[in-house]
Amino acid sequence: MGAQTGHTAVVVGNGSPGSIATVRSLGRHGVDTVVASDLALPPSARSRYCDEFVPLPTPTDPDEYASALLSLARRPDVRTIFPGREQDAFVLASNRDAFADHVAPLWPAFETVRETHDRLALFATAASADVPVATTDPLDAVTDWTDERIVKSRYALLTGTYDRAIPSRDLHKPPSTVYLEPGQTPDRQALVERMEHVPVTQPYVRGTEFSFRALYDHGDPVVTSQIRQHRGFKYTGGASVYRESVFDPRLERAGRALLDALDWHGPAEVEFRRPTDGDEYLLMEVNPRLWASLSCDVRAGADYPWAIWRLAGGDPVAGTSDYETGVGTHLLRGEASYLYSLWTHDCPLVDPPGLGTALRELVTSFRRHPDCDYLWPSDPWPFLRDCRLAVRSHLP
């Protein structure tokens with residue numbers, strides 16, 4: 001189906017700050033928003049810009065989850081759906097034809113999502129497009145363990161649909177990255193059991209994380225932007241909690257080359273790492289959906305939710321990479337998690353900064369960039385709800 005004329009957007013609210021950025025962006029443009037979630041009441045559902053909340057089943061069962069989303073898509077007022085996590089991307093892509101009968105599908109085809117979720121397949125495509133990648137091998141193909149290495153899931157989402165070794169079709173996130181002790185041969189069987197399949201291993205790359213963000217319309221870039229990550233949930237990295245808009249033409253070329261090779265459609269976040277001892281951007285992964293740190297792009301002028309909404313309605317969107325650099329945003333509970341990791345997290349490959357240094361950097365960054373993902377004086381309830389959920393998650 002082509003352009004849709006509905007006046008309502010369905011935003012899948014999964015507790016990620018990306019969903020509140022989407023709801024606020026659309027709401028400020030006068031779009032009616034339905035927040036749909038398997039959480040009892042996600043922070044985005046408490047926003048003044050949320051017009052309706054619809055509960056969803058958990059996405060572990062892809063058929064049941066697809067059915068619930070499809071019932072929303074059938075509503076005549078709904079124009080499109082904004083996915084917020086890998087499970088959403090999988091379900092929408094694997095049922096793309098069914099959804100396309102009712103809404104404008106602003107997301108990639110299933111084979112594209114499958115390729116981006118499989119790191120080995122993704123890196124093969126990247127290599128063919130001359131996009132630099134971190135050396136990546138199946139765990140059982142490595143015999144030399146003298147270098148610093150990490151082990152991570154081959155797949156960004158675990159499901160038997162991707163790998164018959166995974167015991168269920170249910171959709172679930174893989175375990176976190178394992179940092180290996182240098183020079184020690186790991187227990188391969190234990191890692192395979194933990195990951196539910198044969199994972200991949202990479203040399204540990206010290207450096208800074210960057211991401212190229214884009215919205216594509218059937219292979220053509222519409223909006224693009226770039227972000228540098230300053231801090232993650234842990235001192236070793238992880239999801240962004242403090243980031244800043246930047247621009248580097250080399251990063252732009254690498255991100256576009258990969259998405260062009262994938263004939264992309266919809267939003268994408270292409271994550272890179274620039275080694276400390278080099279200036280080449282190494283591909284890490286691709287997220288085939290809107291990303292958690294979306295507030296930074298929107299504040300910088302790259303308003304992806306509004307552009308997606310206009311594309312879904314067949315309205316013209318002027319292609320642009322014109323946004324303000326030097327714009328930064330924080331996730332407050334993520335900053336607390338970062339500090340907490342200094343005491344609780346132990347990594348054999350990364351030394352944590354001293355507490356004094358970490359606190360000085362944090363204070364300096366807030367003075368420079370006081371904006372936060374959830375905390376808006378004119379829309380306070382999502383922040384309060386996020387705080388409550390964060391406290392509850394740490395209670396016994």
# chains A, B, ... in the order shown; residues from 1 in each chain; ligands from 1

call {"tool": "select_by_dssp", "arguments": {"residues": "segment 40-286 of chain A", "states": "strand (DSSP E or B)", "output": "number ranges by chain"}}
result
A: 52-55, 78-82, 118, 133, 137-138, 149-152, 155, 158, 172, 178-179, 200-203, 207-217, 220-234, 237-246, 266-275, 282-286

call {"tool": "select_by_dssp", "arguments": {"residues": "segment 101-155 of chain A", "states": "helix (DSSP H, G or I)", "output": "number ranges by chain"}}
result
A: 110-117, 119-128, 139-141

call {"tool": "write_last_selection", "arguments": {"atoms": "N, CA and C atoms", "output": "PDB file, in the first residue's frame"}}
result
ATOM      1  N   PHE A 110      12.113  -8.266   5.403  1.00  0.00           N
ATOM      2  CA  PHE A 110      12.576  -9.257   6.381  1.00  0.00           C
ATOM      3  C   PHE A 110      14.001  -9.714   6.106  1.00  0.00           C
ATOM      4  N   GLU A 111      14.340  -9.991   4.854  1.00  0.00           N
ATOM      5  CA  GLU A 111      15.686 -10.480   4.555  1.00  0.00           C
ATOM      6  C   GLU A 111      16.740  -9.445   4.915  1.00  0.00           C
ATOM      7  N   THR A 112      16.403  -8.177   4.797  1.00  0.00           N
ATOM      8  CA  THR A 112      17.347  -7.129   5.185  1.00  0.00           C
ATOM      9  C   THR A 112      17.521  -7.092   6.696  1.00  0.00           C
ATOM     10  N   VAL A 113      16.412  -7.171   7.429  1.00  0.00           N
ATOM     11  CA  VAL A 113      16.498  -7.209   8.895  1.00  0.00           C
ATOM     12  C   VAL A 113      17.280  -8.433   9.344  1.00  0.00           C
ATOM     13  N   ARG A 114      17.009  -9.563   8.730  1.00  0.00           N
ATOM     14  CA  ARG A 114      17.727 -10.785   9.083  1.00  0.00           C
ATOM     15  C   ARG A 114      19.229 -10.614   8.849  1.00  0.00           C
ATOM     16  N   GLU A 115      19.595  -9.988   7.749  1.00  0.00           N
ATOM     17  CA  GLU A 115      21.012  -9.786   7.449  1.00  0.00           C
ATOM     18  C   GLU A 115      21.666  -8.849   8.456  1.00  0.00           C
ATOM     19  N   THR A 116      20.976  -7.793   8.856  1.00  0.00           N
ATOM     20  CA  THR A 116      21.566  -6.875   9.826  1.00  0.00           C
ATOM     21  C   THR A 116      21.653  -7.498  11.209  1.00  0.00           C
ATOM     22  N   HIS A 117      20.748  -8.404  11.539  1.00  0.00           N
ATOM     23  CA  HIS A 117      20.788  -9.076  12.838  1.00  0.00           C
ATOM     24  C   HIS A 117      21.877 -10.139  12.914  1.00  0.00           C
ATOM     25  N   ARG A 119      25.602 -10.825  12.461  1.00  0.00           N
ATOM     26  CA  ARG A 119      26.833 -10.051  12.326  1.00  0.00           C
ATOM     27  C   ARG A 119      27.747 -10.600  11.236  1.00  0.00           C
ATOM     28  N   LEU A 120      27.809 -11.904  11.066  1.00  0.00           N
ATOM     29  CA  LEU A 120      28.676 -12.466  10.037  1.00  0.00           C
ATOM     30  C   LEU A 120      28.181 -12.085   8.639  1.00  0.00           C
ATOM     31  N   ALA A 121      26.870 -12.162   8.413  1.00  0.00           N
ATOM     32  CA  ALA A 121      26.311 -11.770   7.119  1.00  0.00           C
ATOM     33  C   ALA A 121      26.466 -10.275   6.895  1.00  0.00           C
ATOM     34  N   LEU A 122      26.235  -9.481   7.935  1.00  0.00           N
ATOM     35  CA  LEU A 122      26.343  -8.029   7.818  1.00  0.00           C
ATOM     36  C   LEU A 122      27.762  -7.609   7.477  1.00  0.00           C
ATOM     37  N   PHE A 123      28.739  -8.219   8.144  1.00  0.00           N
ATOM     38  CA  PHE A 123      30.124  -7.825   7.907  1.00  0.00           C
ATOM     39  C   PHE A 123      30.593  -8.257   6.523  1.00  0.00           C
ATOM     40  N   ALA A 124      30.043  -9.351   6.004  1.00  0.00           N
ATOM     41  CA  ALA A 124      30.378  -9.763   4.644  1.00  0.00           C
ATOM     42  C   ALA A 124      29.878  -8.729   3.636  1.00  0.00           C
ATOM     43  N   THR A 125      28.667  -8.229   3.859  1.00  0.00           N
ATOM     44  CA  THR A 125      28.130  -7.186   2.989  1.00  0.00           C
ATOM     45  C   THR A 125      28.955  -5.914   3.106  1.00  0.00           C
ATOM     46  N   ALA A 126      29.340  -5.564   4.334  1.00  0.00           N
ATOM     47  CA  ALA A 126      30.143  -4.366   4.545  1.00  0.00           C
ATOM     48  C   ALA A 126      31.476  -4.471   3.814  1.00  0.00           C
ATOM     49  N   ALA A 127      32.120  -5.635   3.902  1.00  0.00           N
ATOM     50  CA  ALA A 127      33.407  -5.816   3.236  1.00  0.00           C
ATOM     51  C   ALA A 127      33.272  -5.648   1.724  1.00  0.00           C
ATOM     52  N   SER A 128      32.168  -6.147   1.170  1.00  0.00           N
ATOM     53  CA  SER A 128      31.958  -6.012  -0.278  1.00  0.00           C
ATOM     54  C   SER A 128      31.708  -4.564  -0.681  1.00  0.00           C
ATOM     55  N   LEU A 139      33.353 -18.443  17.162  1.00  0.00           N
ATOM     56  CA  LEU A 139      34.147 -18.832  18.332  1.00  0.00           C
ATOM     57  C   LEU A 139      34.954 -20.091  18.064  1.00  0.00           C
ATOM     58  N   ASP A 140      34.366 -21.053  17.360  1.00  0.00           N
ATOM     59  CA  ASP A 140      35.047 -22.332  17.147  1.00  0.00           C
ATOM     60  C   ASP A 140      36.112 -22.268  16.055  1.00  0.00           C
ATOM     61  N   ALA A 141      36.318 -21.075  15.431  1.00  0.00           N
ATOM     62  CA  ALA A 141      37.332 -20.948  14.380  1.00  0.00           C
ATOM     63  C   ALA A 141      38.633 -20.345  14.896  1.00  0.00           C
TER      64      ALA A 141
END

call {"tool": "closest_residue", "arguments": {"among": "A:Pro288, A:Gly354, A:Pro62, A:Pro382", "to": "Ser168 of chain A", "atoms": "only C-alpha atoms"}}
result
A:Pro62

call {"tool": "residues_around", "arguments": {"residues": "Gly278 of chain A", "least_positions_apart": "2", "cutoff": "12 Å", "atoms": "only C-alpha atoms", "output": "list of chain:residue names"}}
result
A:Val205, A:Arg206, A:Gly207, A:Thr208, A:Arg273, A:Arg274, A:Pro275, A:Thr276, A:Glu280, A:Tyr281, A:Leu282

call {"tool": "residues_around", "arguments": {"residues": "segment 96-108 of chain A", "least_positions_apart": "3", "cutoff": "10 Å", "atoms": "only C-alpha atoms", "output": "number ranges by chain"}}
result
A: 1-6, 9, 66, 69-83, 89-93, 111-114, 215-218, 262-268, 288-290, 308-309, 311-314

call {"tool": "write_last_selection", "arguments": {"atoms": "N, CA and C atoms", "output": "compact mmCIF listing (two decimals), in the first residue's frame"}}
result
# COMPACT_ATOMS: atom_id res chain seq x y z
N MET A 1 0.85 -1.20 0.00
CA MET A 1 0.00 0.00 0.00
C MET A 1 0.87 1.24 0.00
N GLY A 2 0.44 2.30 -0.60
CA GLY A 2 1.22 3.52 -0.69
C GLY A 2 0.99 4.44 0.49
N ALA A 3 0.90 5.74 0.20
CA ALA A 3 0.76 6.74 1.25
C ALA A 3 -0.56 6.56 2.00
N GLN A 4 -0.52 6.85 3.30
CA GLN A 4 -1.70 6.72 4.15
C GLN A 4 -2.16 8.10 4.62
N THR A 5 -3.44 8.22 4.88
CA THR A 5 -4.00 9.51 5.27
C THR A 5 -4.43 9.54 6.73
N GLY A 6 -4.19 8.47 7.49
CA GLY A 6 -4.58 8.45 8.89
C GLY A 6 -3.89 9.56 9.67
N ALA A 9 -0.35 7.94 14.88
CA ALA A 9 0.87 7.13 14.83
C ALA A 9 0.88 6.17 16.01
N ALA A 66 2.63 -10.13 16.77
CA ALA A 66 2.26 -9.60 15.45
C ALA A 66 0.77 -9.39 15.34
N LEU A 69 -0.22 -6.17 17.17
CA LEU A 69 0.15 -4.97 16.40
C LEU A 69 -0.70 -4.82 15.14
N LEU A 70 -1.02 -5.95 14.52
CA LEU A 70 -1.82 -5.89 13.30
C LEU A 70 -3.24 -5.37 13.58
N SER A 71 -3.75 -5.67 14.77
CA SER A 71 -5.07 -5.16 15.12
C SER A 71 -5.06 -3.64 15.22
N LEU A 72 -3.92 -3.08 15.65
CA LEU A 72 -3.78 -1.63 15.67
C LEU A 72 -3.63 -1.08 14.25
N ALA A 73 -2.87 -1.77 13.43
CA ALA A 73 -2.65 -1.32 12.06
C ALA A 73 -3.95 -1.26 11.27
N ARG A 74 -4.90 -2.12 11.61
CA ARG A 74 -6.18 -2.16 10.88
C ARG A 74 -7.07 -0.96 11.19
N ARG A 75 -6.77 -0.24 12.26
CA ARG A 75 -7.59 0.92 12.58
C ARG A 75 -7.48 1.96 11.47
N PRO A 76 -8.59 2.51 11.01
CA PRO A 76 -8.55 3.45 9.88
C PRO A 76 -7.82 4.75 10.19
N ASP A 77 -7.66 5.08 11.48
CA ASP A 77 -6.99 6.33 11.82
C ASP A 77 -5.47 6.20 11.88
N VAL A 78 -4.94 4.97 11.82
CA VAL A 78 -3.50 4.74 11.99
C VAL A 78 -2.80 4.85 10.64
N ARG A 79 -1.76 5.68 10.59
CA ARG A 79 -0.99 5.87 9.35
C ARG A 79 0.22 4.94 9.29
N THR A 80 0.97 4.81 10.41
CA THR A 80 2.14 3.95 10.41
C THR A 80 2.50 3.58 11.84
N ILE A 81 3.49 2.69 11.97
CA ILE A 81 3.94 2.18 13.27
C ILE A 81 5.43 2.47 13.41
N PHE A 82 5.83 2.94 14.59
CA PHE A 82 7.23 3.25 14.88
C PHE A 82 7.80 2.15 15.78
N PRO A 83 8.66 1.27 15.25
CA PRO A 83 9.27 0.23 16.07
C PRO A 83 10.35 0.79 16.97
N ALA A 89 11.23 -4.77 15.11
CA ALA A 89 11.72 -4.81 13.73
C ALA A 89 11.52 -6.19 13.11
N PHE A 90 11.78 -7.24 13.88
CA PHE A 90 11.62 -8.60 13.38
C PHE A 90 10.15 -8.89 13.03
N VAL A 91 9.25 -8.57 13.95
CA VAL A 91 7.84 -8.88 13.74
C VAL A 91 7.26 -8.07 12.58
N LEU A 92 7.56 -6.79 12.52
CA LEU A 92 7.02 -5.97 11.45
C LEU A 92 7.58 -6.39 10.09
N ALA A 93 8.87 -6.72 10.06
CA ALA A 93 9.48 -7.11 8.78
C ALA A 93 9.01 -8.48 8.33
N GLU A 111 14.34 -9.99 4.85
CA GLU A 111 15.69 -10.48 4.56
C GLU A 111 16.74 -9.45 4.91
N THR A 112 16.40 -8.18 4.80
CA THR A 112 17.35 -7.13 5.18
C THR A 112 17.52 -7.09 6.70
N VAL A 113 16.41 -7.17 7.43
CA VAL A 113 16.50 -7.21 8.90
C VAL A 113 17.28 -8.43 9.34
N ARG A 114 17.01 -9.56 8.73
CA ARG A 114 17.73 -10.78 9.08
C ARG A 114 19.23 -10.61 8.85
N LEU A 215 17.50 8.03 7.67
CA LEU A 215 16.19 7.60 7.20
C LEU A 215 16.28 7.48 5.69
N TYR A 216 15.99 6.28 5.19
CA TYR A 216 16.05 6.01 3.75
C TYR A 216 14.64 5.77 3.21
N ASP A 217 14.43 6.18 1.98
CA ASP A 217 13.18 5.93 1.28
C ASP A 217 13.49 5.08 0.06
N HIS A 218 13.31 3.76 0.20
CA HIS A 218 13.56 2.81 -0.89
C HIS A 218 14.92 3.02 -1.52
N LEU A 262 22.79 -2.32 1.23
CA LEU A 262 21.66 -3.07 1.76
C LEU A 262 20.34 -2.65 1.11
N ASP A 263 20.38 -1.64 0.21
CA ASP A 263 19.17 -1.11 -0.42
C ASP A 263 18.15 -0.77 0.66
N TRP A 264 18.55 0.07 1.60
CA TRP A 264 17.81 0.29 2.84
C TRP A 264 16.49 1.01 2.62
N HIS A 265 15.55 0.76 3.54
CA HIS A 265 14.28 1.48 3.59
C HIS A 265 13.90 1.64 5.05
N GLY A 266 13.61 2.89 5.45
CA GLY A 266 13.24 3.15 6.83
C GLY A 266 14.41 3.71 7.63
N PRO A 267 14.28 3.78 8.96
CA PRO A 267 15.35 4.31 9.80
C PRO A 267 16.41 3.26 10.09
N ALA A 268 17.62 3.72 10.36
CA ALA A 268 18.72 2.81 10.71
C ALA A 268 19.76 3.57 11.51
N PRO A 288 18.04 -1.79 12.94
CA PRO A 288 17.05 -1.49 11.89
C PRO A 288 15.77 -0.88 12.45
N ARG A 289 15.92 0.21 13.18
CA ARG A 289 14.81 0.82 13.91
C ARG A 289 15.26 2.18 14.41
N LEU A 290 14.36 2.90 15.06
CA LEU A 290 14.76 4.11 15.75
C LEU A 290 15.57 3.74 17.00
N ILE A 308 9.56 10.59 9.12
CA ILE A 308 8.90 9.30 8.87
C ILE A 308 7.40 9.50 8.69
N TRP A 309 6.82 10.32 9.54
CA TRP A 309 5.39 10.58 9.46
C TRP A 309 5.01 11.17 8.10
N LEU A 311 6.74 10.94 5.25
CA LEU A 311 6.92 9.92 4.21
C LEU A 311 5.73 8.96 4.18
N ALA A 312 5.26 8.58 5.37
CA ALA A 312 4.13 7.64 5.44
C ALA A 312 2.88 8.24 4.82
N GLY A 313 2.76 9.55 4.83
CA GLY A 313 1.60 10.21 4.23
C GLY A 313 1.82 10.64 2.80
N GLY A 314 2.99 10.31 2.23
CA GLY A 314 3.27 10.70 0.87
C GLY A 314 3.60 12.16 0.71

call {"tool": "residues_around", "arguments": {"residues": "segment 321-325 of chain A", "least_positions_apart": "3", "cutoff": "12 Å", "atoms": "only C-alpha atoms", "output": "count of residues only"}}
result
32

call {"tool": "atom_distance", "arguments": {"atom1": "atom CA of Ser19 of chain A", "atom2": "atom CA of Arg250 of chain A"}}
result
29.4 Å

call {"tool": "closest_residue", "arguments": {"among": "A:Asp351, A:Glu269, A:Glu335, A:Glu52", "to": "Val35 of chain A", "atoms": "only C-alpha atoms"}}
result
A:Glu52

call {"tool": "atom_distance", "arguments": {"atom1": "atom CA of Glu285 of chain A", "atom2": "atom CA of His369 of chain A"}}
result
27.1 Å

call {"tool": "closest_residue", "arguments": {"among": "A:Ser94, A:Val198, A:Leu283, A:Val23", "to": "Ser47 of chain A", "atoms": "only C-alpha atoms"}}
result
A:Val23

call {"tool": "closest_residue", "arguments": {"among": "A:Arg28, A:Arg48, A:Lys152, A:Arg388", "to": "Leu191 of chain A", "atoms": "only C-alpha atoms"}}
result
A:Lys152

call {"tool": "residues_around", "arguments": {"residues": "Thr357 of chain A", "least_positions_apart": "6", "cutoff": "12 Å", "atoms": "only C-alpha atoms", "output": "number ranges by chain"}}
result
A: 339, 342, 363-364

call {"tool": "write_last_selection", "arguments": {"atoms": "C-alpha atoms", "output": "PDB file, in the first residue's frame"}}
result
ATOM      1  CA  LEU A 339      28.806   5.713  38.261  1.00  0.00           C
ATOM      2  CA  LEU A 342      32.704   1.918  38.848  1.00  0.00           C
ATOM      3  CA  VAL A 363      29.606  17.746  36.155  1.00  0.00           C
ATOM      4  CA  THR A 364      31.446  19.390  33.257  1.00  0.00           C
TER       5      THR A 364
END

call {"tool": "atom_distance", "arguments": {"atom1": "atom CA of Arg194 of chain A", "atom2": "atom CA of Pro174 of chain A"}}
result
9.0 Å

call {"tool": "closest_residue", "arguments": {"among": "A:Pro17, A:Gly334, A:Pro132, A:Pro43", "to": "Gly232 of chain A", "atoms": "only C-alpha atoms"}}
result
A:Gly334

call {"tool": "closest_residue", "arguments": {"among": "A:Leu332, A:Ala254, A:Val200, A:Ala292", "to": "Gly13 of chain A", "atoms": "only C-alpha atoms"}}
result
A:Ala292

call {"tool": "residues_around", "arguments": {"residues": "Asp386 of chain A", "least_positions_apart": "3", "cutoff": "12 Å", "atoms": "only C-alpha atoms", "output": "ChimeraX atom specification"}}
result
/A:14-17,20,41-47,331-334,373-375,380-383,389-393

call {"tool": "write_last_selection", "arguments": {"atoms": "N, CA and C atoms", "output": "PDB file, in the first residue's frame"}}
result
ATOM      1  N   ASN A  14       8.800   0.884  24.770  1.00  0.00           N
ATOM      2  CA  ASN A  14       9.449  -0.237  25.430  1.00  0.00           C
ATOM      3  C   ASN A  14      10.308   0.186  26.609  1.00  0.00           C
ATOM      4  N   GLY A  15      10.101   1.394  27.118  1.00  0.00           N
ATOM      5  CA  GLY A  15      10.932   1.884  28.200  1.00  0.00           C
ATOM      6  C   GLY A  15      12.190   2.555  27.714  1.00  0.00           C
ATOM      7  N   SER A  16      12.424   2.570  26.408  1.00  0.00           N
ATOM      8  CA  SER A  16      13.587   3.242  25.836  1.00  0.00           C
ATOM      9  C   SER A  16      13.294   4.727  25.689  1.00  0.00           C
ATOM     10  N   PRO A  17      14.297   5.587  25.949  1.00  0.00           N
ATOM     11  CA  PRO A  17      14.051   7.019  25.755  1.00  0.00           C
ATOM     12  C   PRO A  17      13.767   7.396  24.316  1.00  0.00           C
ATOM     13  N   ILE A  20       9.964   8.114  23.951  1.00  0.00           N
ATOM     14  CA  ILE A  20       9.450   9.396  24.426  1.00  0.00           C
ATOM     15  C   ILE A  20       9.868  10.513  23.471  1.00  0.00           C
ATOM     16  N   LEU A  41       2.970   0.366  32.188  1.00  0.00           N
ATOM     17  CA  LEU A  41       2.775   1.778  31.855  1.00  0.00           C
ATOM     18  C   LEU A  41       4.149   2.389  31.591  1.00  0.00           C
ATOM     19  N   PRO A  42       4.617   2.358  30.346  1.00  0.00           N
ATOM     20  CA  PRO A  42       5.936   2.904  30.045  1.00  0.00           C
ATOM     21  C   PRO A  42       5.947   4.416  30.217  1.00  0.00           C
ATOM     22  N   PRO A  43       7.126   5.008  30.428  1.00  0.00           N
ATOM     23  CA  PRO A  43       7.186   6.461  30.620  1.00  0.00           C
ATOM     24  C   PRO A  43       6.550   7.262  29.488  1.00  0.00           C
ATOM     25  N   SER A  44       6.696   6.804  28.240  1.00  0.00           N
ATOM     26  CA  SER A  44       6.139   7.555  27.120  1.00  0.00           C
ATOM     27  C   SER A  44       4.617   7.637  27.178  1.00  0.00           C
ATOM     28  N   ALA A  45       3.983   6.671  27.851  1.00  0.00           N
ATOM     29  CA  ALA A  45       2.527   6.700  27.970  1.00  0.00           C
ATOM     30  C   ALA A  45       2.047   7.767  28.956  1.00  0.00           C
ATOM     31  N   ARG A  46       2.966   8.307  29.754  1.00  0.00           N
ATOM     32  CA  ARG A  46       2.605   9.371  30.693  1.00  0.00           C
ATOM     33  C   ARG A  46       2.826  10.769  30.119  1.00  0.00           C
ATOM     34  N   SER A  47       3.288  10.819  28.888  1.00  0.00           N
ATOM     35  CA  SER A  47       3.550  12.117  28.282  1.00  0.00           C
ATOM     36  C   SER A  47       2.258  12.864  27.986  1.00  0.00           C
ATOM     37  N   LEU A 331      20.963  10.714  29.550  1.00  0.00           N
ATOM     38  CA  LEU A 331      19.952   9.871  30.180  1.00  0.00           C
ATOM     39  C   LEU A 331      20.325   9.787  31.652  1.00  0.00           C
ATOM     40  N   LEU A 332      19.543  10.415  32.529  1.00  0.00           N
ATOM     41  CA  LEU A 332      19.948  10.569  33.920  1.00  0.00           C
ATOM     42  C   LEU A 332      20.147   9.238  34.634  1.00  0.00           C
ATOM     43  N   ARG A 333      19.203   8.315  34.484  1.00  0.00           N
ATOM     44  CA  ARG A 333      19.385   7.033  35.173  1.00  0.00           C
ATOM     45  C   ARG A 333      20.573   6.269  34.577  1.00  0.00           C
ATOM     46  N   GLY A 334      20.879   6.521  33.313  1.00  0.00           N
ATOM     47  CA  GLY A 334      22.051   5.913  32.716  1.00  0.00           C
ATOM     48  C   GLY A 334      23.332   6.467  33.309  1.00  0.00           C
ATOM     49  N   ASP A 373      17.064  13.267  28.235  1.00  0.00           N
ATOM     50  CA  ASP A 373      16.097  12.542  27.406  1.00  0.00           C
ATOM     51  C   ASP A 373      14.677  12.660  27.950  1.00  0.00           C
ATOM     52  N   TYR A 374      14.506  12.383  29.233  1.00  0.00           N
ATOM     53  CA  TYR A 374      13.165  12.360  29.814  1.00  0.00           C
ATOM     54  C   TYR A 374      12.772  13.679  30.471  1.00  0.00           C
ATOM     55  N   LEU A 375      13.726  14.365  31.066  1.00  0.00           N
ATOM     56  CA  LEU A 375      13.419  15.513  31.917  1.00  0.00           C
ATOM     57  C   LEU A 375      13.085  16.747  31.091  1.00  0.00           C
ATOM     58  N   PRO A 380       6.656  16.678  32.579  1.00  0.00           N
ATOM     59  CA  PRO A 380       7.459  16.049  33.638  1.00  0.00           C
ATOM     60  C   PRO A 380       7.138  14.598  33.928  1.00  0.00           C
ATOM     61  N   TRP A 381       5.933  14.132  33.608  1.00  0.00           N
ATOM     62  CA  TRP A 381       5.504  12.814  34.081  1.00  0.00           C
ATOM     63  C   TRP A 381       6.328  11.657  33.517  1.00  0.00           C
ATOM     64  N   PRO A 382       6.793  11.680  32.269  1.00  0.00           N
ATOM     65  CA  PRO A 382       7.644  10.575  31.812  1.00  0.00           C
ATOM     66  C   PRO A 382       8.922  10.422  32.634  1.00  0.00           C
ATOM     67  N   PHE A 383       9.527  11.547  33.031  1.00  0.00           N
ATOM     68  CA  PHE A 383      10.736  11.471  33.854  1.00  0.00           C
ATOM     69  C   PHE A 383      10.433  10.838  35.209  1.00  0.00           C
ATOM     70  N   LEU A 389      10.318   3.476  37.814  1.00  0.00           N
ATOM     71  CA  LEU A 389      10.635   2.152  37.264  1.00  0.00           C
ATOM     72  C   LEU A 389      12.080   1.771  37.553  1.00  0.00           C
ATOM     73  N   ALA A 390      13.001   2.753  37.484  1.00  0.00           N
ATOM     74  CA  ALA A 390      14.405   2.477  37.757  1.00  0.00           C
ATOM     75  C   ALA A 390      14.599   2.048  39.201  1.00  0.00           C
ATOM     76  N   VAL A 391      13.945   2.730  40.128  1.00  0.00           N
ATOM     77  CA  VAL A 391      14.057   2.364  41.545  1.00  0.00           C
ATOM     78  C   VAL A 391      13.451   1.001  41.789  1.00  0.00           C
ATOM     79  N   ARG A 392      12.301   0.737  41.200  1.00  0.00           N
ATOM     80  CA  ARG A 392      11.632  -0.554  41.380  1.00  0.00           C
ATOM     81  C   ARG A 392      12.473  -1.705  40.874  1.00  0.00           C
ATOM     82  N   SER A 393      13.207  -1.486  39.772  1.00  0.00           N
ATOM     83  CA  SER A 393      14.014  -2.558  39.186  1.00  0.00           C
ATOM     84  C   SER A 393      15.172  -2.954  40.082  1.00  0.00           C
TER      85      SER A 393
END
